[in-house]
Amino acid sequence: MKAIGNKTIFENMDEILDPKHTVLVNWDVQNGLVNNIFNKDEFVGNVKKLTQLSGKKSIPVLYTKITPLPFQYMAPSGIYSYMKRFGVTDPSKLPVFMAPGSSEAEIYPELAPEKDDYVLNKNTASLFIGTNVDNMLKAAGIRTVIFTGIATEIGVESSARDSGNLGYYTVVASDACSSHSREMHEASLKSMSAVSMVMDTKSIMDILEKK
C-alpha cells in the first residue's frame with residue numbers, strides 16, 4: 001500500500017481483499033430468483049463457498065431482499081417496468097412481486113444467513129439508494145465490497161457502480177452472480193470490468209485463504 005498525504009492507497013488484490021476491511025454482499029438470493037437462473041447449481045455452490053469462507057475469516061456478510069413498497073408509494077416508472085415484466089396493461093392487475101411472507105421472497109435455503117449476518121429489506125436496485133448502508137459500512141471501517149447475487153445486469157451492476165462512486169474498492173464474483181439470461185449476465189460482467197474488479201470465486205478465495 002502507498003500513503004499519499006492522509007490517504008492510504010491499496011496497490012494489489014492482497015491488500016484490497018483484506019478481511020479486516022471487507023464485506024460480502026449476497027444480493028437478492030431469494031427463491032423466486034435462484035430458481036430461474038441459467039446456472040443454478042454453479043451459482044449456489046459458489047455463493048455458499050464464499051459465504052462460508054467469509055464466516056471463517058470474520059468477514060461480515062450482508063444479505064439483501066427485494067421488499068416491495070405498497071402500490072401507492074411505488075414510482076410510476078417502477079409500475080411501468082413491472083407491467084412490462086408481467087405482460088399486463090392494467091396496473092391494478094399486477095401481482096405483488098416478491099410479496100413479503102411468500103415462498104418466492106424467502107432466501108434460498110442452502111444460502112440461508114447465519115445469526116450474525118445482516119439481512120437488509122430494500123426496494124430499489126441499488127444497495128445504497130433508500131438505505132443506510134453507506135453509513136453502516138463506513139462506521140464498520142469497510143473499504144472493500146464483494147458482490148454476489150441476482151440479477152447481474154440489474155441490482156448487482158447498479159450496486160457495484162454505486163459502490164465505486166462512493167469510494168469503495170468493488171469486487172464482483174463473476175461465477176457467483178447470475179441472471180435468467182446468460183447473454184445479459186456476460187454482457188454485464190464485461191461492462192462492470194471497466195469500473196470494478198471482476199474475478200471468479202476461486203481467485204477471490206485463494207487470496208482470502210492466505211489471510
# chains A, B, ... in the order shown; residues from 1 in each chain; ligands from 1
>>> select_by_dssp(residues="region 102-157 of chain A", states="helix (DSSP H, G or I)", output="number ranges by chain")
A: 109-111, 133-139, 152-157
>>> residues_around(residues="region 117-131 of chain A", least_positions_apart="2", cutoff="9 Å", atoms="only C-alpha atoms", output="list in words")
Trp27, Pro60, Val61, Leu62, Tyr63, Thr64, Lys65, Ile66, Thr67, Pro68, Leu69, Pro113, Glu114, Lys115, Val133, Asp134, Ile154, Gly155, Val156, Glu157, Ser158, Ser159, Ala160, Arg161, Asp162 and Ser163 of chain A
>>> write_last_selection(atoms="N, CA and C atoms", output="compact mmCIF listing (two decimals), in the first residue's frame")
# COMPACT_ATOMS: atom_id res chain seq x y z
N TRP A 27 -26.56 -10.54 -2.89
CA TRP A 27 -27.65 -9.70 -3.41
C TRP A 27 -28.84 -10.54 -3.88
N PRO A 60 -17.83 -9.71 7.58
CA PRO A 60 -19.28 -9.58 7.72
C PRO A 60 -19.99 -9.91 6.42
N VAL A 61 -21.18 -10.50 6.56
CA VAL A 61 -21.99 -10.88 5.40
C VAL A 61 -23.32 -10.14 5.47
N LEU A 62 -23.65 -9.48 4.38
CA LEU A 62 -24.89 -8.71 4.29
C LEU A 62 -25.74 -9.31 3.18
N TYR A 63 -26.97 -9.68 3.50
CA TYR A 63 -27.93 -10.18 2.52
C TYR A 63 -28.93 -9.07 2.20
N THR A 64 -29.36 -9.00 0.96
CA THR A 64 -30.46 -8.10 0.61
C THR A 64 -31.67 -8.93 0.20
N LYS A 65 -32.84 -8.34 0.42
CA LYS A 65 -34.10 -8.96 -0.01
C LYS A 65 -34.96 -7.91 -0.70
N ILE A 66 -35.44 -8.24 -1.89
CA ILE A 66 -36.43 -7.41 -2.55
C ILE A 66 -37.66 -7.34 -1.65
N THR A 67 -38.03 -6.12 -1.29
CA THR A 67 -39.19 -5.92 -0.41
C THR A 67 -40.03 -4.81 -1.02
N PRO A 68 -41.09 -5.15 -1.74
CA PRO A 68 -41.83 -4.13 -2.50
C PRO A 68 -42.55 -3.14 -1.59
N LEU A 69 -42.62 -1.91 -2.06
CA LEU A 69 -43.41 -0.89 -1.39
C LEU A 69 -44.90 -1.11 -1.67
N PRO A 113 -28.87 -17.11 5.82
CA PRO A 113 -27.93 -16.38 6.67
C PRO A 113 -27.74 -17.01 8.03
N GLU A 114 -26.55 -16.80 8.59
CA GLU A 114 -26.27 -17.19 9.97
C GLU A 114 -26.76 -16.09 10.90
N LYS A 115 -26.75 -16.35 12.20
CA LYS A 115 -27.38 -15.44 13.15
C LYS A 115 -26.72 -14.06 13.17
N VAL A 133 -26.94 1.94 4.18
CA VAL A 133 -25.80 1.04 4.08
C VAL A 133 -24.46 1.78 3.99
N ASP A 134 -24.40 2.88 3.26
CA ASP A 134 -23.14 3.62 3.17
C ASP A 134 -22.66 4.03 4.56
N ILE A 154 -28.86 -6.20 -13.30
CA ILE A 154 -29.78 -5.25 -12.66
C ILE A 154 -29.18 -4.79 -11.32
N GLY A 155 -29.56 -5.45 -10.24
CA GLY A 155 -29.13 -4.98 -8.93
C GLY A 155 -27.65 -5.09 -8.66
N VAL A 156 -27.01 -6.15 -9.14
CA VAL A 156 -25.58 -6.30 -8.89
C VAL A 156 -24.81 -5.17 -9.59
N GLU A 157 -25.12 -4.94 -10.87
CA GLU A 157 -24.39 -3.90 -11.59
C GLU A 157 -24.71 -2.51 -11.05
N SER A 158 -25.98 -2.24 -10.75
CA SER A 158 -26.33 -0.93 -10.17
C SER A 158 -25.58 -0.70 -8.87
N SER A 159 -25.56 -1.72 -8.02
CA SER A 159 -24.91 -1.59 -6.72
C SER A 159 -23.40 -1.47 -6.85
N ALA A 160 -22.82 -2.25 -7.76
CA ALA A 160 -21.37 -2.20 -7.96
C ALA A 160 -20.93 -0.82 -8.45
N ARG A 161 -21.70 -0.24 -9.37
CA ARG A 161 -21.34 1.09 -9.86
C ARG A 161 -21.49 2.14 -8.75
N ASP A 162 -22.56 2.05 -7.97
CA ASP A 162 -22.72 2.98 -6.87
C ASP A 162 -21.64 2.80 -5.82
N SER A 163 -21.24 1.56 -5.59
CA SER A 163 -20.18 1.26 -4.63
C SER A 163 -18.89 1.98 -5.03
>>> residues_around(residues="Met1 (chain A)", least_positions_apart="4", cutoff="7 Å", atoms="only C-alpha atoms", output="PyMOL selection string")
chain A and resi 8-11
>>> write_last_selection(atoms="N, CA, C and O atoms", output="PDB file, in the first residue's frame")
ATOM      1  N   THR A   8      -4.426   6.308   2.240  1.00  0.00           N
ATOM      2  CA  THR A   8      -3.732   5.040   2.043  1.00  0.00           C
ATOM      3  C   THR A   8      -4.331   4.364   0.821  1.00  0.00           C
ATOM      4  O   THR A   8      -5.543   4.116   0.777  1.00  0.00           O
ATOM      5  N   ILE A   9      -3.520   4.088  -0.168  1.00  0.00           N
ATOM      6  CA  ILE A   9      -3.989   3.511  -1.422  1.00  0.00           C
ATOM      7  C   ILE A   9      -3.510   2.062  -1.518  1.00  0.00           C
ATOM      8  O   ILE A   9      -2.313   1.781  -1.442  1.00  0.00           O
ATOM      9  N   PHE A  10      -4.460   1.138  -1.655  1.00  0.00           N
ATOM     10  CA  PHE A  10      -4.089  -0.261  -1.842  1.00  0.00           C
ATOM     11  C   PHE A  10      -3.582  -0.451  -3.270  1.00  0.00           C
ATOM     12  O   PHE A  10      -4.125   0.118  -4.214  1.00  0.00           O
ATOM     13  N   GLU A  11      -2.552  -1.290  -3.418  1.00  0.00           N
ATOM     14  CA  GLU A  11      -1.902  -1.427  -4.715  1.00  0.00           C
ATOM     15  C   GLU A  11      -2.037  -2.805  -5.342  1.00  0.00           C
ATOM     16  O   GLU A  11      -1.620  -3.009  -6.481  1.00  0.00           O
TER      17      GLU A  11
END
>>> residues_around(residues="Gly141 (chain A)", least_positions_apart="4", cutoff="12 Å", atoms="only C-alpha atoms", output="short mmCIF file (atom, residue, chain, number, x, y, z; two decimals) with N, CA, C and O atoms, in the first residue's frame")
data_model
loop_
_atom_site.label_atom_id
_atom_site.label_comp_id
_atom_site.auth_asym_id
_atom_site.auth_seq_id
_atom_site.Cartn_x
_atom_site.Cartn_y
_atom_site.Cartn_z
N ASP A 18 -8.48 -7.66 2.05
CA ASP A 18 -8.09 -7.92 3.44
C ASP A 18 -9.37 -8.07 4.26
O ASP A 18 -10.21 -7.15 4.27
N PRO A 19 -9.56 -9.21 4.94
CA PRO A 19 -10.80 -9.41 5.71
C PRO A 19 -11.10 -8.30 6.71
O PRO A 19 -12.27 -8.07 7.03
N LYS A 20 -10.08 -7.60 7.18
CA LYS A 20 -10.29 -6.57 8.20
C LYS A 20 -11.14 -5.41 7.69
O LYS A 20 -11.75 -4.70 8.49
N HIS A 21 -11.16 -5.20 6.36
CA HIS A 21 -11.94 -4.07 5.85
C HIS A 21 -12.86 -4.47 4.69
O HIS A 21 -13.20 -3.65 3.83
N THR A 22 -13.28 -5.74 4.68
CA THR A 22 -14.07 -6.28 3.56
C THR A 22 -15.44 -6.75 4.04
O THR A 22 -15.57 -7.26 5.16
N VAL A 23 -16.45 -6.56 3.21
CA VAL A 23 -17.78 -7.11 3.46
C VAL A 23 -18.21 -7.92 2.24
O VAL A 23 -17.83 -7.59 1.10
N ILE A 59 -15.32 -12.05 8.06
CA ILE A 59 -15.80 -11.03 7.12
C ILE A 59 -17.31 -10.90 7.30
O ILE A 59 -18.03 -11.91 7.20
N PRO A 60 -17.83 -9.71 7.58
CA PRO A 60 -19.28 -9.58 7.72
C PRO A 60 -19.99 -9.91 6.42
O PRO A 60 -19.48 -9.64 5.33
N ASP A 134 -24.40 2.88 3.26
CA ASP A 134 -23.14 3.62 3.17
C ASP A 134 -22.66 4.03 4.56
O ASP A 134 -21.48 3.83 4.91
N ASN A 135 -23.53 4.58 5.38
CA ASN A 135 -23.15 4.94 6.74
C ASN A 135 -22.75 3.72 7.55
O ASN A 135 -21.79 3.77 8.34
N MET A 136 -23.47 2.63 7.38
CA MET A 136 -23.16 1.40 8.11
C MET A 136 -21.76 0.90 7.78
O MET A 136 -20.97 0.56 8.67
N LEU A 137 -21.45 0.85 6.50
CA LEU A 137 -20.15 0.32 6.09
C LEU A 137 -19.01 1.22 6.53
O LEU A 137 -17.97 0.75 7.00
N VAL A 145 -15.96 -4.03 -0.97
CA VAL A 145 -17.24 -4.73 -1.05
C VAL A 145 -17.15 -5.81 -2.12
O VAL A 145 -16.80 -5.53 -3.27
N TYR A 168 -15.67 2.86 -2.54
CA TYR A 168 -15.28 1.53 -2.09
C TYR A 168 -14.52 0.78 -3.20
O TYR A 168 -14.84 0.92 -4.38
#
>>> atom_distance(atom1="CA of Asn46 (chain A)", atom2="CA of Leu17 (chain A)")
17.2 Å
>>> residues_around(residues="region 87-103 of chain A", least_positions_apart="5", cutoff="12 Å", atoms="only C-alpha atoms", output="PDB file with N, CA, C and O atoms, in the first residue's frame")
ATOM      1  N   ASP A  28     -29.963 -10.423  -3.182  1.00  0.00           N
ATOM      2  CA  ASP A  28     -31.253 -10.985  -3.621  1.00  0.00           C
ATOM      3  C   ASP A  28     -31.194 -12.474  -3.943  1.00  0.00           C
ATOM      4  O   ASP A  28     -31.716 -12.920  -4.983  1.00  0.00           O
ATOM      5  N   VAL A  29     -30.579 -13.254  -3.060  1.00  0.00           N
ATOM      6  CA  VAL A  29     -30.505 -14.708  -3.301  1.00  0.00           C
ATOM      7  C   VAL A  29     -31.798 -15.350  -2.783  1.00  0.00           C
ATOM      8  O   VAL A  29     -31.797 -16.221  -1.922  1.00  0.00           O
ATOM      9  N   GLN A  30     -32.896 -14.943  -3.386  1.00  0.00           N
ATOM     10  CA  GLN A  30     -34.229 -15.367  -2.974  1.00  0.00           C
ATOM     11  C   GLN A  30     -34.759 -16.454  -3.894  1.00  0.00           C
ATOM     12  O   GLN A  30     -34.396 -16.541  -5.069  1.00  0.00           O
ATOM     13  N   ASN A  31     -35.647 -17.292  -3.344  1.00  0.00           N
ATOM     14  CA  ASN A  31     -36.155 -18.444  -4.091  1.00  0.00           C
ATOM     15  C   ASN A  31     -36.668 -18.079  -5.479  1.00  0.00           C
ATOM     16  O   ASN A  31     -36.380 -18.770  -6.464  1.00  0.00           O
ATOM     17  N   GLY A  32     -37.450 -17.004  -5.558  1.00  0.00           N
ATOM     18  CA  GLY A  32     -38.063 -16.642  -6.835  1.00  0.00           C
ATOM     19  C   GLY A  32     -37.070 -16.278  -7.911  1.00  0.00           C
ATOM     20  O   GLY A  32     -37.390 -16.343  -9.107  1.00  0.00           O
ATOM     21  N   LEU A  33     -35.855 -15.910  -7.518  1.00  0.00           N
ATOM     22  CA  LEU A  33     -34.808 -15.602  -8.487  1.00  0.00           C
ATOM     23  C   LEU A  33     -33.870 -16.781  -8.692  1.00  0.00           C
ATOM     24  O   LEU A  33     -33.547 -17.132  -9.832  1.00  0.00           O
ATOM     25  N   VAL A  34     -33.420 -17.394  -7.601  1.00  0.00           N
ATOM     26  CA  VAL A  34     -32.470 -18.513  -7.720  1.00  0.00           C
ATOM     27  C   VAL A  34     -33.046 -19.625  -8.588  1.00  0.00           C
ATOM     28  O   VAL A  34     -32.323 -20.246  -9.388  1.00  0.00           O
ATOM     29  N   ASN A  35     -34.332 -19.866  -8.488  1.00  0.00           N
ATOM     30  CA  ASN A  35     -34.948 -20.975  -9.229  1.00  0.00           C
ATOM     31  C   ASN A  35     -35.146 -20.687 -10.711  1.00  0.00           C
ATOM     32  O   ASN A  35     -35.627 -21.555 -11.444  1.00  0.00           O
ATOM     33  N   LYS A  65     -32.843  -8.337   0.416  1.00  0.00           N
ATOM     34  CA  LYS A  65     -34.099  -8.960  -0.008  1.00  0.00           C
ATOM     35  C   LYS A  65     -34.963  -7.910  -0.699  1.00  0.00           C
ATOM     36  O   LYS A  65     -35.181  -6.823  -0.158  1.00  0.00           O
ATOM     37  N   ILE A  66     -35.435  -8.245  -1.890  1.00  0.00           N
ATOM     38  CA  ILE A  66     -36.427  -7.406  -2.553  1.00  0.00           C
ATOM     39  C   ILE A  66     -37.656  -7.336  -1.652  1.00  0.00           C
ATOM     40  O   ILE A  66     -38.233  -8.364  -1.291  1.00  0.00           O
ATOM     41  N   THR A  67     -38.033  -6.124  -1.287  1.00  0.00           N
ATOM     42  CA  THR A  67     -39.190  -5.924  -0.415  1.00  0.00           C
ATOM     43  C   THR A  67     -40.028  -4.805  -1.019  1.00  0.00           C
ATOM     44  O   THR A  67     -39.705  -3.628  -0.857  1.00  0.00           O
ATOM     45  N   PRO A  68     -41.094  -5.153  -1.738  1.00  0.00           N
ATOM     46  CA  PRO A  68     -41.832  -4.133  -2.498  1.00  0.00           C
ATOM     47  C   PRO A  68     -42.551  -3.144  -1.586  1.00  0.00           C
ATOM     48  O   PRO A  68     -43.011  -3.478  -0.490  1.00  0.00           O
ATOM     49  N   LEU A  69     -42.622  -1.909  -2.062  1.00  0.00           N
ATOM     50  CA  LEU A  69     -43.412  -0.895  -1.386  1.00  0.00           C
ATOM     51  C   LEU A  69     -44.899  -1.107  -1.670  1.00  0.00           C
ATOM     52  O   LEU A  69     -45.263  -1.692  -2.702  1.00  0.00           O
ATOM     53  N   PRO A  70     -45.769  -0.648  -0.798  1.00  0.00           N
ATOM     54  CA  PRO A  70     -47.195  -0.638  -1.141  1.00  0.00           C
ATOM     55  C   PRO A  70     -47.404   0.132  -2.441  1.00  0.00           C
ATOM     56  O   PRO A  70     -46.671   1.082  -2.753  1.00  0.00           O
ATOM     57  N   PHE A  71     -48.415  -0.272  -3.195  1.00  0.00           N
ATOM     58  CA  PHE A  71     -48.630   0.274  -4.539  1.00  0.00           C
ATOM     59  C   PHE A  71     -48.653   1.801  -4.546  1.00  0.00           C
ATOM     60  O   PHE A  71     -48.085   2.441  -5.438  1.00  0.00           O
ATOM     61  N   GLN A  72     -49.290   2.406  -3.537  1.00  0.00           N
ATOM     62  CA  GLN A  72     -49.441   3.859  -3.565  1.00  0.00           C
ATOM     63  C   GLN A  72     -48.111   4.590  -3.401  1.00  0.00           C
ATOM     64  O   GLN A  72     -48.011   5.792  -3.678  1.00  0.00           O
ATOM     65  N   MET A  74     -45.198   3.342  -4.798  1.00  0.00           N
ATOM     66  CA  MET A  74     -44.296   2.956  -5.881  1.00  0.00           C
ATOM     67  C   MET A  74     -44.201   4.070  -6.917  1.00  0.00           C
ATOM     68  O   MET A  74     -45.202   4.728  -7.239  1.00  0.00           O
ATOM     69  N   PRO A  76     -44.152   5.725 -10.528  1.00  0.00           N
ATOM     70  CA  PRO A  76     -44.824   5.338 -11.779  1.00  0.00           C
ATOM     71  C   PRO A  76     -43.896   4.584 -12.736  1.00  0.00           C
ATOM     72  O   PRO A  76     -44.327   3.652 -13.415  1.00  0.00           O
ATOM     73  N   SER A  77     -42.627   4.996 -12.796  1.00  0.00           N
ATOM     74  CA  SER A  77     -41.690   4.292 -13.689  1.00  0.00           C
ATOM     75  C   SER A  77     -41.502   2.852 -13.256  1.00  0.00           C
ATOM     76  O   SER A  77     -41.350   1.955 -14.093  1.00  0.00           O
ATOM     77  N   GLY A  78     -41.502   2.614 -11.929  1.00  0.00           N
ATOM     78  CA  GLY A  78     -41.382   1.252 -11.435  1.00  0.00           C
ATOM     79  C   GLY A  78     -42.610   0.423 -11.766  1.00  0.00           C
ATOM     80  O   GLY A  78     -42.508  -0.761 -12.121  1.00  0.00           O
ATOM     81  N   ILE A  79     -43.782   1.039 -11.657  1.00  0.00           N
ATOM     82  CA  ILE A  79     -45.018   0.338 -12.010  1.00  0.00           C
ATOM     83  C   ILE A  79     -44.999  -0.033 -13.489  1.00  0.00           C
ATOM     84  O   ILE A  79     -45.343  -1.160 -13.873  1.00  0.00           O
ATOM     85  N   TYR A  80     -44.571   0.906 -14.326  1.00  0.00           N
ATOM     86  CA  TYR A  80     -44.489   0.633 -15.766  1.00  0.00           C
ATOM     87  C   TYR A  80     -43.532  -0.528 -16.047  1.00  0.00           C
ATOM     88  O   TYR A  80     -43.821  -1.408 -16.866  1.00  0.00           O
ATOM     89  N   SER A  81     -42.393  -0.541 -15.358  1.00  0.00           N
ATOM     90  CA  SER A  81     -41.425  -1.617 -15.542  1.00  0.00           C
ATOM     91  C   SER A  81     -42.034  -2.969 -15.183  1.00  0.00           C
ATOM     92  O   SER A  81     -41.853  -3.961 -15.898  1.00  0.00           O
ATOM     93  N   TYR A  82     -42.776  -3.016 -14.074  1.00  0.00           N
ATOM     94  CA  TYR A  82     -43.424  -4.272 -13.678  1.00  0.00           C
ATOM     95  C   TYR A  82     -44.516  -4.668 -14.669  1.00  0.00           C
ATOM     96  O   TYR A  82     -44.721  -5.857 -14.938  1.00  0.00           O
ATOM     97  N   TYR A 108     -32.938 -18.417  -0.397  1.00  0.00           N
ATOM     98  CA  TYR A 108     -32.782 -19.818  -0.803  1.00  0.00           C
ATOM     99  C   TYR A 108     -32.183 -20.614   0.360  1.00  0.00           C
ATOM    100  O   TYR A 108     -31.177 -20.196   0.944  1.00  0.00           O
ATOM    101  N   PRO A 109     -32.781 -21.742   0.733  1.00  0.00           N
ATOM    102  CA  PRO A 109     -32.391 -22.447   1.960  1.00  0.00           C
ATOM    103  C   PRO A 109     -30.906 -22.781   2.086  1.00  0.00           C
ATOM    104  O   PRO A 109     -30.327 -22.644   3.174  1.00  0.00           O
ATOM    105  N   ASN A 121     -33.849  -5.421   4.098  1.00  0.00           N
ATOM    106  CA  ASN A 121     -35.023  -5.301   3.242  1.00  0.00           C
ATOM    107  C   ASN A 121     -34.914  -3.984   2.474  1.00  0.00           C
ATOM    108  O   ASN A 121     -34.733  -2.923   3.075  1.00  0.00           O
ATOM    109  N   LYS A 122     -34.994  -4.060   1.152  1.00  0.00           N
ATOM    110  CA  LYS A 122     -34.820  -2.839   0.344  1.00  0.00           C
ATOM    111  C   LYS A 122     -35.756  -2.885  -0.852  1.00  0.00           C
ATOM    112  O   LYS A 122     -36.282  -3.931  -1.208  1.00  0.00           O
ATOM    113  N   ASN A 123     -35.964  -1.718  -1.476  1.00  0.00           N
ATOM    114  CA  ASN A 123     -36.938  -1.659  -2.570  1.00  0.00           C
ATOM    115  C   ASN A 123     -36.432  -0.908  -3.789  1.00  0.00           C
ATOM    116  O   ASN A 123     -37.214  -0.431  -4.600  1.00  0.00           O
TER     117      ASN A 123
END
>>> closest_residue(among="A:Lys2, A:Lys190, A:His185, A:Lys202", to="Lys49 (chain A)", atoms="only C-alpha atoms")
A:Lys202
>>> select_by_dssp(residues="region 7-206 of chain A", states="strand (DSSP E or B)", output="VMD selection string")
chain A and resid 7 to 9 22 to 27 30 61 to 66 107 118 to 122 144 to 150 169 to 178 197 to 199
>>> write_last_selection(atoms="N, CA and C atoms", output="compact mmCIF listing (two decimals), in the first residue's frame")
# COMPACT_ATOMS: atom_id res chain seq x y z
N LYS A 7 -4.06 9.81 2.77
CA LYS A 7 -4.72 8.70 2.09
C LYS A 7 -3.82 7.48 2.04
N THR A 8 -4.43 6.31 2.24
CA THR A 8 -3.73 5.04 2.04
C THR A 8 -4.33 4.36 0.82
N ILE A 9 -3.52 4.09 -0.17
CA ILE A 9 -3.99 3.51 -1.42
C ILE A 9 -3.51 2.06 -1.52
N THR A 22 -13.28 -5.74 4.68
CA THR A 22 -14.07 -6.28 3.56
C THR A 22 -15.44 -6.75 4.04
N VAL A 23 -16.45 -6.56 3.21
CA VAL A 23 -17.78 -7.11 3.46
C VAL A 23 -18.21 -7.92 2.24
N LEU A 24 -18.97 -8.99 2.48
CA LEU A 24 -19.56 -9.78 1.39
C LEU A 24 -21.04 -9.44 1.32
N VAL A 25 -21.50 -9.05 0.12
CA VAL A 25 -22.92 -8.76 -0.09
C VAL A 25 -23.52 -9.84 -0.98
N ASN A 26 -24.46 -10.59 -0.43
CA ASN A 26 -25.21 -11.59 -1.21
C ASN A 26 -26.52 -10.94 -1.64
N TRP A 27 -26.56 -10.54 -2.89
CA TRP A 27 -27.65 -9.70 -3.41
C TRP A 27 -28.84 -10.54 -3.88
N GLN A 30 -32.90 -14.94 -3.39
CA GLN A 30 -34.23 -15.37 -2.97
C GLN A 30 -34.76 -16.45 -3.89
N VAL A 61 -21.18 -10.50 6.56
CA VAL A 61 -21.99 -10.88 5.40
C VAL A 61 -23.32 -10.14 5.47
N LEU A 62 -23.65 -9.48 4.38
CA LEU A 62 -24.89 -8.71 4.29
C LEU A 62 -25.74 -9.31 3.18
N TYR A 63 -26.97 -9.68 3.50
CA TYR A 63 -27.93 -10.18 2.52
C TYR A 63 -28.93 -9.07 2.20
N THR A 64 -29.36 -9.00 0.96
CA THR A 64 -30.46 -8.10 0.61
C THR A 64 -31.67 -8.93 0.20
N LYS A 65 -32.84 -8.34 0.42
CA LYS A 65 -34.10 -8.96 -0.01
C LYS A 65 -34.96 -7.91 -0.70
N ILE A 66 -35.44 -8.24 -1.89
CA ILE A 66 -36.43 -7.41 -2.55
C ILE A 66 -37.66 -7.34 -1.65
N ILE A 107 -35.11 -16.27 1.37
CA ILE A 107 -33.75 -16.58 0.94
C ILE A 107 -33.63 -18.08 0.69
N TYR A 118 -26.36 -9.86 8.43
CA TYR A 118 -27.35 -8.78 8.39
C TYR A 118 -28.22 -8.95 7.15
N VAL A 119 -29.54 -8.91 7.35
CA VAL A 119 -30.49 -9.03 6.24
C VAL A 119 -31.16 -7.67 6.04
N LEU A 120 -30.99 -7.12 4.85
CA LEU A 120 -31.50 -5.79 4.53
C LEU A 120 -32.72 -5.90 3.62
N ASN A 121 -33.85 -5.42 4.10
CA ASN A 121 -35.02 -5.30 3.24
C ASN A 121 -34.91 -3.98 2.47
N LYS A 122 -34.99 -4.06 1.15
CA LYS A 122 -34.82 -2.84 0.34
C LYS A 122 -35.76 -2.88 -0.85
N THR A 144 -13.74 -2.41 1.21
CA THR A 144 -13.90 -3.29 0.05
C THR A 144 -15.23 -4.02 0.14
N VAL A 145 -15.96 -4.03 -0.97
CA VAL A 145 -17.24 -4.73 -1.05
C VAL A 145 -17.15 -5.81 -2.12
N ILE A 146 -17.43 -7.06 -1.72
CA ILE A 146 -17.53 -8.18 -2.67
C ILE A 146 -19.00 -8.42 -2.94
N PHE A 147 -19.38 -8.48 -4.22
CA PHE A 147 -20.77 -8.73 -4.58
C PHE A 147 -20.96 -10.11 -5.19
N THR A 148 -21.99 -10.81 -4.70
CA THR A 148 -22.55 -11.97 -5.39
C THR A 148 -24.03 -11.66 -5.62
N GLY A 149 -24.73 -12.50 -6.37
CA GLY A 149 -26.18 -12.37 -6.39
C GLY A 149 -26.84 -12.30 -7.75
N ILE A 150 -28.13 -11.94 -7.71
CA ILE A 150 -29.02 -11.95 -8.86
C ILE A 150 -29.82 -10.64 -8.87
N TYR A 169 -13.54 0.01 -2.80
CA TYR A 169 -12.96 -0.96 -3.71
C TYR A 169 -14.05 -2.01 -3.94
N THR A 170 -14.34 -2.29 -5.21
CA THR A 170 -15.51 -3.11 -5.53
C THR A 170 -15.09 -4.34 -6.32
N VAL A 171 -15.45 -5.51 -5.78
CA VAL A 171 -15.10 -6.79 -6.40
C VAL A 171 -16.39 -7.54 -6.72
N VAL A 172 -16.54 -7.98 -7.96
CA VAL A 172 -17.72 -8.74 -8.38
C VAL A 172 -17.28 -10.18 -8.64
N ALA A 173 -17.92 -11.11 -7.92
CA ALA A 173 -17.61 -12.53 -8.09
C ALA A 173 -18.35 -13.05 -9.32
N SER A 174 -17.65 -13.19 -10.42
CA SER A 174 -18.29 -13.41 -11.71
C SER A 174 -19.16 -14.67 -11.77
N ASP A 175 -18.69 -15.76 -11.18
CA ASP A 175 -19.45 -17.01 -11.23
C ASP A 175 -20.28 -17.24 -9.98
N ALA A 176 -20.40 -16.20 -9.14
CA ALA A 176 -21.32 -16.23 -8.00
C ALA A 176 -22.37 -15.14 -8.18
N CYS A 177 -22.49 -14.67 -9.43
CA CYS A 177 -23.58 -13.80 -9.84
C CYS A 177 -24.32 -14.51 -10.98
N SER A 178 -25.57 -14.15 -11.19
CA SER A 178 -26.30 -14.83 -12.26
C SER A 178 -27.53 -14.03 -12.69
N MET A 197 -13.49 -4.66 -10.07
CA MET A 197 -12.66 -5.84 -10.27
C MET A 197 -13.55 -7.06 -10.39
N VAL A 198 -13.57 -7.67 -11.56
CA VAL A 198 -14.41 -8.84 -11.80
C VAL A 198 -13.51 -10.07 -11.74
N MET A 199 -13.79 -10.96 -10.78
CA MET A 199 -12.93 -12.13 -10.54
C MET A 199 -13.81 -13.34 -10.29
>>> atom_distance(atom1="CA of Glu153 (chain A)", atom2="CA of Ser179 (chain A)")
7.4 Å
